[in-house]
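A.B. asks: Have a look at this one.
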Amino acid sequence: MSGPFLSSSGAPPPEPAIRIREFNLWYGTFQALFDINLEIKNGLITSLIGPSGCGKSTLLRSVDRINERLGYVRIRGSIEVFGQEIHAPQVEPAQLRKQVGMVFQRPNPLPISIRDNVLFGYRIHHEKGGRLARSEADGIVEEALRQVLLWDQVKDRLDHKATDGLSLEAMQKLCIARLLPVKPSILLMDEPCSALDPRGTAAVEELIWELRDRYSILIVTHNMAQARRASDECVFMLMGRVVEHAPTDQLFVTPAHRETADYIEGRFG
Amino acid sequence: MTDPRSDRRRPADARDRHWYIDKFFEILMFLCGISAILFVVGIFLFVFREGLGFILQDMNFSEFFFSPKWRPTSLVRPTYGILAMVAGTAAVTVLAMAICLPVSIGAAIYIAEFAKGRTRETLKILIEFLAAIPSVVWGFIALSIMNPLIIDLFDAPMGLGVLNSALILALMAAPIVTSLAEDAFKAVPDTYREAAEALGATRWQAIRQVVLPAARNGLLSAGLLGVGRAFGETMAILMSSGHSINIPTSIFDSFRALTATIAAELGETAVGSPHYRALFAIGIFLFLITFLINMAADFIVRGVRKG
């Protein structure tokens with residue numbers, strides 16, 4: 001990590017939400033990430049930008065260890081979430097993913113009812129003892145859907161299958177809504193608007209901005225305008241390395257590195 | 001420079017050698033394509049023609065379906081009741097599926113969701129190998145291995161019967177059910193599993209709560225095709241059932257299957273006799289049932305595509 005590192009306005013939180021140190025990752029024999037050092041501040045929106053294939057999604061997907069599903073991924077280095085090393089042997093992925101929620105590039109609601117989608121994560125983490133009471137479940141569903149501004153649109157068809165008859169924008173909002181009852185502290189978003197039309201993008205961006213106070217958000221984006229208007233800090237990656245990490249205004253106005261300047265001016269990528 | 005329009009004045013016959021070869025193969029492929037349909041229709045017509053005489057002239061519907069007495073060679077009064085055989089075939093099919101489905105679906109879950117690389121390929125090859133064993137070999141296994149085994153294990157008077165046939169049929173239907181169930185799991189988009197796991201579900205929770213419901217129709221159709229397989233099997237059943245006409249009341253009872261009856265008796269009847277035609281009537285009955293099962297399986301899979 002390099003470049004001037006200004007603290008953002010307001011009191012700096014004592015501890016970073018995510019601290020990545022000397023992190024390397026290989027897909028088989030291909031090395032995708034090189035010596036990543038990064039601190040993602042608590043309570044802010046941090047955007048990850050860079051050209052295709054620079055490793056930004058890989059980095060994001062390492063934070064909730066969802067990359068491990070592939071089976072041929074090797075890593076070296078450390079990632080801490082609120083001071084806890086996520087690769088420690090006593091850490092179960094399920095616990096980690098309770099704290100770190102993820103929104104994918106393509107909206108991926110589960111092929112069950114809208115209601116069950118919202119409750120899916122909650123049930124997994126809270127329904128150890130007995131079944132959830134109907135009234136409690138209704139409250140959770142309504143609250144989550146209200147937070148993502150979807151309640152009015154779907155309240156009459158909560159029992160419909162979520163994969164039929166919803167717009168991509170509504171599906172993506174639902175995918176955000178189902179994270180909320182689990183009460184994560186970090187939200188990872190992998191190009192959450194890239195499948196949406198401009199209106200949907202605006203709506204989801206607005207929603208992300210609304211969630212800003214309650215969650216630390218790390219968002220991968222291909223869209224520089226989006227990074228610029230919708231994030232507090234910005235990380236520029238290139239060829240599997242972090243080139244620059246700075247407050248968004250500063251990174252876009254006075255980038256410290258030549259590559260950053262070239263990229264944000266559209267000379268490559 | 002030539003005028004591009006001059007081409008048009010040339011004689012328009014492009015039918016050179018390649019054109020004829022192309023047409024020839026097109027027609028050949030067309031004939032191959034429709035031959036399957038022609039054969040199915042042909043078989044259908046043949047079986048119906050042979051069986052129809054019996055159905056129209058000699059058949060007593062209530063006797064045929066509700067009498068357990070199959071005595072086609074009786075000199076005094078031949079009777080043609082298939083109830084005992086229907087009961088036997090149904091019992092063995094149900095028991096075979098009760099054994100086959102859990103095992104096959106479990107195997108399919110392991111292959112599709114857990115096994116990786118070498119293990120998975122080896123398993124798939126082994127299962128295909130299981131499908132390639134001829135049914136008479138299964139019958140031989142039933143007679144020479146399962147029969148004494150069942151007698152020893154359960155202290156049964158005889159090892160040929162419903163249990164033996166059901167075990168053999170379960171093994172015979174397992175490969176097709178497993179590979180169809182695996183296809184059903186493969187058809188579930190990986191994004192569902194990823195979404196479930198990202199929400200903190202374990203692999204098993206993701207399978208049970210997301211993948212299994214999403215694959216439901218495919219699994220149902222796999223099960224139905226397994227039923228069709230068990231229902232239509234002949235040789236292995238003939239060898240493992242004991243072949244006595246009897247409505248089975250326990251899993252150790254001997255029974256006789258519809259298919260096995262046709263196989264065992266058709267060669268010994270006079271062509272055109274009532275007995276001969278009664279066997280064809282059984283054939284029509286079998287044909288209709290397997291046709292319905294396959295249709296149902298097909299419709300269920302189509303339902304998946306639409307959903």
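Each chain of the structure tokens is named A, B, ... in the order shown, its residues numbered from 1; ligands are numbered from 1 in display order.
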Using only C-alpha atoms, which residues of chain B come within 12 Å of chain A, and what is the closest atom pair for each, with the distance in Å to one decimal? Give it as CSV, sorted by chain and residue number.
C.D. replies:
```
residue,atom,partner,partner_atom,distance
B:Glu113,CA,A:Arg69,CA,11.1
B:Phe114,CA,A:Arg69,CA,10.9
B:Ala115,CA,A:Gly71,CA,11.2
B:Lys116,CA,A:Gly71,CA,8.9
B:Gly117,CA,A:Gly71,CA,10.5
B:Val188,CA,A:Pro111,CA,9.9
B:Pro189,CA,A:Asn108,CA,9.8
B:Asp190,CA,A:Asn108,CA,10.0
B:Thr191,CA,A:Asn108,CA,6.4
B:Tyr192,CA,A:Leu110,CA,5.8
B:Arg193,CA,A:Leu110,CA,8.8
B:Glu194,CA,A:Ile66,CA,7.6
B:Ala195,CA,A:Asn108,CA,6.5
B:Ala196,CA,A:Leu110,CA,7.6
B:Glu197,CA,A:Ile66,CA,7.6
B:Ala198,CA,A:Arg97,CA,6.1
B:Leu199,CA,A:Gly121,CA,5.2
B:Gly200,CA,A:Ala94,CA,4.1
B:Ala201,CA,A:Ala94,CA,6.2
B:Thr202,CA,A:Ala94,CA,6.7
B:Arg203,CA,A:Arg69,CA,9.7
B:Trp204,CA,A:Ile124,CA,11.7
B:Gln205,CA,A:Ile124,CA,8.3
B:Ala206,CA,A:Ile124,CA,10.1
B:Gln209,CA,A:Phe120,CA,9.0
B:Val210,CA,A:Leu110,CA,7.1
B:Val211,CA,A:Pro111,CA,9.1
B:Leu212,CA,A:Pro111,CA,10.8
B:Pro213,CA,A:Pro111,CA,8.3
B:Ala214,CA,A:Pro111,CA,6.6
B:Ala215,CA,A:Pro111,CA,10.4
B:Arg216,CA,A:Pro111,CA,11.6
B:Lys306,CA,A:Asp164,CA,11.0
B:Gly307,CA,A:Asp164,CA,8.3
```
A.B. asks: For the selection just defined, write its residues with C-alpha atoms to a file, as a PDB file, in the first residue's frame.
C.D. replies:
```pdb
ATOM      1  CA  GLU B 113     -22.270 -32.143  -5.002  1.00  0.00           C
ATOM      2  CA  PHE B 114     -19.331 -33.603  -3.119  1.00  0.00           C
ATOM      3  CA  ALA B 115     -17.100 -35.828  -5.248  1.00  0.00           C
ATOM      4  CA  LYS B 116     -14.357 -34.125  -7.197  1.00  0.00           C
ATOM      5  CA  GLY B 117     -12.025 -34.964 -10.066  1.00  0.00           C
ATOM      6  CA  VAL B 188     -29.543 -26.486 -10.630  1.00  0.00           C
ATOM      7  CA  PRO B 189     -27.537 -23.294 -11.233  1.00  0.00           C
ATOM      8  CA  ASP B 190     -24.450 -23.038  -9.088  1.00  0.00           C
ATOM      9  CA  THR B 191     -25.425 -19.484  -8.158  1.00  0.00           C
ATOM     10  CA  TYR B 192     -28.096 -20.964  -5.880  1.00  0.00           C
ATOM     11  CA  ARG B 193     -25.534 -22.931  -3.926  1.00  0.00           C
ATOM     12  CA  GLU B 194     -23.206 -19.970  -3.828  1.00  0.00           C
ATOM     13  CA  ALA B 195     -25.994 -17.687  -2.609  1.00  0.00           C
ATOM     14  CA  ALA B 196     -26.989 -20.137   0.115  1.00  0.00           C
ATOM     15  CA  GLU B 197     -23.425 -20.657   1.261  1.00  0.00           C
ATOM     16  CA  ALA B 198     -22.709 -16.936   1.250  1.00  0.00           C
ATOM     17  CA  LEU B 199     -25.631 -16.592   3.661  1.00  0.00           C
ATOM     18  CA  GLY B 200     -23.886 -19.002   5.991  1.00  0.00           C
ATOM     19  CA  ALA B 201     -25.477 -22.288   4.981  1.00  0.00           C
ATOM     20  CA  THR B 202     -23.310 -25.377   5.186  1.00  0.00           C
ATOM     21  CA  ARG B 203     -23.017 -27.585   2.113  1.00  0.00           C
ATOM     22  CA  TRP B 204     -25.674 -29.915   3.470  1.00  0.00           C
ATOM     23  CA  GLN B 205     -28.045 -27.083   4.401  1.00  0.00           C
ATOM     24  CA  ALA B 206     -27.657 -25.660   0.905  1.00  0.00           C
ATOM     25  CA  GLN B 209     -33.008 -26.410   1.540  1.00  0.00           C
ATOM     26  CA  VAL B 210     -32.156 -25.169  -1.943  1.00  0.00           C
ATOM     27  CA  VAL B 211     -30.757 -27.773  -4.325  1.00  0.00           C
ATOM     28  CA  LEU B 212     -33.180 -30.610  -3.524  1.00  0.00           C
ATOM     29  CA  PRO B 213     -36.318 -28.470  -3.893  1.00  0.00           C
ATOM     30  CA  ALA B 214     -34.947 -26.932  -7.084  1.00  0.00           C
ATOM     31  CA  ALA B 215     -34.187 -30.373  -8.520  1.00  0.00           C
ATOM     32  CA  ARG B 216     -37.512 -31.850  -7.397  1.00  0.00           C
ATOM     33  CA  LYS B 306     -41.089 -23.843 -18.147  1.00  0.00           C
ATOM     34  CA  GLY B 307     -40.681 -22.970 -14.474  1.00  0.00           C
TER      35      GLY B 307
END
```
A.B. asks: Select from range 40-154 of chain B everything DSSP, run on the backbone, classes as strand (DSSP E), then give the selection as a list in words.
C.D. replies: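 DSSP-assigned strand (DSSP E) residues in range 40-154 of chain B: Trp70, Arg71, Thr79 and Tyr80 of chain B.
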A.B. asks: From a DSSP pass on the backbone, collect the residues of range 16-212 of chain B flagged as alpha helix (DSSP H) and hand them back as number ranges by chain.
C.D. replies: B: 17-53, 61-66, 83-109, 117-131, 135-141, 147-154, 162-186, 190-198, 203-206, 212
A.B. asks: To one decimal place in Å, what is the distance between CA of Asn147 in chain B and CA of Pro248 in chain B?
C.D. replies: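 Those two atoms sit 17.2 Å apart.
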A.B. asks: Name all residues at most 8 Å from Val242 in chain A (count only C-alpha atoms; drop same-chain ones fewer than 5 positions away) and give them as a PDB file with N, CA, C and O atoms, in the first residue's frame.
C.D. replies:
```
ATOM      1  N   MET A   1       0.855  -1.188   0.000  1.00  0.00           N
ATOM      2  CA  MET A   1       0.000   0.000   0.000  1.00  0.00           C
ATOM      3  C   MET A   1       0.889   1.234   0.000  1.00  0.00           C
ATOM      4  O   MET A   1       1.902   1.303   0.670  1.00  0.00           O
ATOM      5  N   ILE A  36      -1.175  -8.338  -0.947  1.00  0.00           N
ATOM      6  CA  ILE A  36      -2.167  -7.288  -0.692  1.00  0.00           C
ATOM      7  C   ILE A  36      -2.082  -6.838   0.763  1.00  0.00           C
ATOM      8  O   ILE A  36      -2.110  -7.660   1.682  1.00  0.00           O
ATOM      9  N   ASN A  37      -1.953  -5.519   0.965  1.00  0.00           N
ATOM     10  CA  ASN A  37      -2.033  -4.926   2.298  1.00  0.00           C
ATOM     11  C   ASN A  37      -3.105  -3.858   2.226  1.00  0.00           C
ATOM     12  O   ASN A  37      -3.029  -2.967   1.386  1.00  0.00           O
ATOM     13  N   VAL A 235     -10.092   2.149  -3.619  1.00  0.00           N
ATOM     14  CA  VAL A 235      -8.863   1.363  -3.768  1.00  0.00           C
ATOM     15  C   VAL A 235      -8.701   1.055  -5.251  1.00  0.00           C
ATOM     16  O   VAL A 235      -9.617   0.543  -5.881  1.00  0.00           O
ATOM     17  N   PHE A 236      -7.533   1.385  -5.803  1.00  0.00           N
ATOM     18  CA  PHE A 236      -7.286   1.068  -7.203  1.00  0.00           C
ATOM     19  C   PHE A 236      -6.364  -0.134  -7.286  1.00  0.00           C
ATOM     20  O   PHE A 236      -5.295  -0.158  -6.691  1.00  0.00           O
ATOM     21  N   MET A 237      -6.798  -1.152  -8.032  1.00  0.00           N
ATOM     22  CA  MET A 237      -5.988  -2.365  -8.178  1.00  0.00           C
ATOM     23  C   MET A 237      -5.596  -2.551  -9.632  1.00  0.00           C
ATOM     24  O   MET A 237      -6.318  -2.172 -10.546  1.00  0.00           O
TER      25      MET A 237
END
```
A.B. asks: So, counting only C-alpha atoms, which residue among B:Val47, B:Met146, B:Ala14, B:Ile55 is closest to Phe287 in chain B?
C.D. replies: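 Looking only at the distances to Phe287 in chain B, the closest residue turns out to be B:Val47.
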A.B. asks: Could you pull the residues within 12 Å of Ile150 in chain B, counting only C-alpha atoms, minus those fewer than 2 positions along the same chain, as a list of chain:residue names?
C.D. replies: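 Residues near the query, excluding close chain neighbours: B:Ala142, B:Leu143, B:Ser144, B:Ile145, B:Met146, B:Asn147, B:Pro148, B:Asp152, B:Leu153, B:Phe154, B:Asp155, B:Ala156, B:Pro157, B:Met158, B:Gly159, B:Leu160, B:Gly161, B:Val162, B:Leu163, B:Asn164, B:Ser165, B:Leu167, B:Ser240, B:Ile251, B:Phe252, B:Asp253.
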A.B. asks: Find the spatial neighbours of Arg76 in chain A, counting only C-alpha atoms, within a cut-off of 12 Å - ignore same-chain residues fewer than 3 positions away - and output them as a PDB file with N, CA and C atoms, in the first residue's frame.
C.D. replies:
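Once written, selection.pdb looks like this:
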```pdb
ATOM      1  N   ILE A  20      -6.141  -6.575   5.863  1.00  0.00           N
ATOM      2  CA  ILE A  20      -5.548  -7.597   4.996  1.00  0.00           C
ATOM      3  C   ILE A  20      -4.049  -7.387   5.005  1.00  0.00           C
ATOM      4  N   ARG A  21      -3.314  -8.458   5.285  1.00  0.00           N
ATOM      5  CA  ARG A  21      -1.854  -8.320   5.351  1.00  0.00           C
ATOM      6  C   ARG A  21      -1.147  -9.380   4.520  1.00  0.00           C
ATOM      7  N   GLU A  22      -0.275  -8.925   3.664  1.00  0.00           N
ATOM      8  CA  GLU A  22       0.587  -9.826   2.867  1.00  0.00           C
ATOM      9  C   GLU A  22      -0.229 -10.968   2.275  1.00  0.00           C
ATOM     10  N   PHE A  23      -1.353 -10.618   1.668  1.00  0.00           N
ATOM     11  CA  PHE A  23      -2.255 -11.668   1.192  1.00  0.00           C
ATOM     12  C   PHE A  23      -1.952 -12.017  -0.262  1.00  0.00           C
ATOM     13  N   ASN A  24      -1.700 -13.298  -0.507  1.00  0.00           N
ATOM     14  CA  ASN A  24      -1.451 -13.817  -1.853  1.00  0.00           C
ATOM     15  C   ASN A  24      -2.471 -14.914  -2.135  1.00  0.00           C
ATOM     16  N   LEU A  25      -2.893 -15.004  -3.389  1.00  0.00           N
ATOM     17  CA  LEU A  25      -3.864 -16.047  -3.725  1.00  0.00           C
ATOM     18  C   LEU A  25      -3.540 -16.629  -5.097  1.00  0.00           C
ATOM     19  N   TRP A  26      -3.649 -17.945  -5.191  1.00  0.00           N
ATOM     20  CA  TRP A  26      -3.429 -18.652  -6.452  1.00  0.00           C
ATOM     21  C   TRP A  26      -4.671 -19.437  -6.837  1.00  0.00           C
ATOM     22  N   GLN A  31      -1.251 -17.074 -10.184  1.00  0.00           N
ATOM     23  CA  GLN A  31      -1.337 -16.191  -9.024  1.00  0.00           C
ATOM     24  C   GLN A  31      -2.208 -14.985  -9.367  1.00  0.00           C
ATOM     25  N   ALA A  32      -3.298 -14.824  -8.610  1.00  0.00           N
ATOM     26  CA  ALA A  32      -4.245 -13.744  -8.902  1.00  0.00           C
ATOM     27  C   ALA A  32      -4.018 -12.531  -8.006  1.00  0.00           C
ATOM     28  N   LEU A  33      -3.510 -12.737  -6.797  1.00  0.00           N
ATOM     29  CA  LEU A  33      -3.280 -11.606  -5.886  1.00  0.00           C
ATOM     30  C   LEU A  33      -1.852 -11.660  -5.359  1.00  0.00           C
ATOM     31  N   PHE A  34      -1.235 -10.480  -5.295  1.00  0.00           N
ATOM     32  CA  PHE A  34       0.151 -10.388  -4.853  1.00  0.00           C
ATOM     33  C   PHE A  34       0.251  -9.453  -3.646  1.00  0.00           C
ATOM     34  N   ASP A  35       0.697  -9.970  -2.517  1.00  0.00           N
ATOM     35  CA  ASP A  35       1.053  -9.148  -1.358  1.00  0.00           C
ATOM     36  C   ASP A  35       0.086  -7.996  -1.110  1.00  0.00           C
ATOM     37  N   ILE A  36      -1.175  -8.338  -0.947  1.00  0.00           N
ATOM     38  CA  ILE A  36      -2.167  -7.288  -0.692  1.00  0.00           C
ATOM     39  C   ILE A  36      -2.082  -6.838   0.763  1.00  0.00           C
ATOM     40  N   SER A  62     -12.456 -13.236  -1.191  1.00  0.00           N
ATOM     41  CA  SER A  62     -11.608 -13.857  -0.182  1.00  0.00           C
ATOM     42  C   SER A  62     -12.050 -13.466   1.215  1.00  0.00           C
ATOM     43  N   VAL A  73      -8.156 -23.296  -4.850  1.00  0.00           N
ATOM     44  CA  VAL A  73      -7.604 -21.997  -4.459  1.00  0.00           C
ATOM     45  C   VAL A  73      -6.623 -22.189  -3.309  1.00  0.00           C
ATOM     46  N   ILE A  79      -6.136 -12.301   6.679  1.00  0.00           N
ATOM     47  CA  ILE A  79      -7.250 -11.358   6.608  1.00  0.00           C
ATOM     48  C   ILE A  79      -7.926 -11.373   7.966  1.00  0.00           C
ATOM     49  N   HIS A  87      -8.923 -17.072   8.790  1.00  0.00           N
ATOM     50  CA  HIS A  87      -8.455 -18.398   8.397  1.00  0.00           C
ATOM     51  C   HIS A  87      -8.051 -19.246   9.594  1.00  0.00           C
TER      52      HIS A  87
END
```
A.B. asks: Distance CA of Glu191 in chain A-CA of Gln105 in chain A, one decimal place?
C.D. replies: 5.0 Å
A.B. asks: Residues at most 12 Å from range 73-87 of chain B, counting only C-alpha atoms, excluding those fewer than 4 positions away in the same chain, as an MDAnalysis selection string?
C.D. replies: chainID B and resid 54:55 58:69 91:94 162 231 237:238 241 243:250 253:262 265 268:270 273:283 285:286 289
A.B. asks: Can you list, as a PyMOL selection string, every protein, DNA or RNA residue that comes within 12 Å of Thr201 in chain A when you count only C-alpha atoms, leaving out same-chain residues fewer than 3 positions away?
C.D. replies: chain A and resi 168-170+172-173+191-198+204-208+221+223+225-226+230
A.B. asks: Rank A:Phe82, A:Tyr263, A:Phe30, A:Trp209 by their smallest atom-to-atom distance to Thr46 in chain A, using only C-alpha atoms, and report the top residue only.
C.D. replies: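 The answer is A:Trp209, which sits nearest to Thr46 in chain A.
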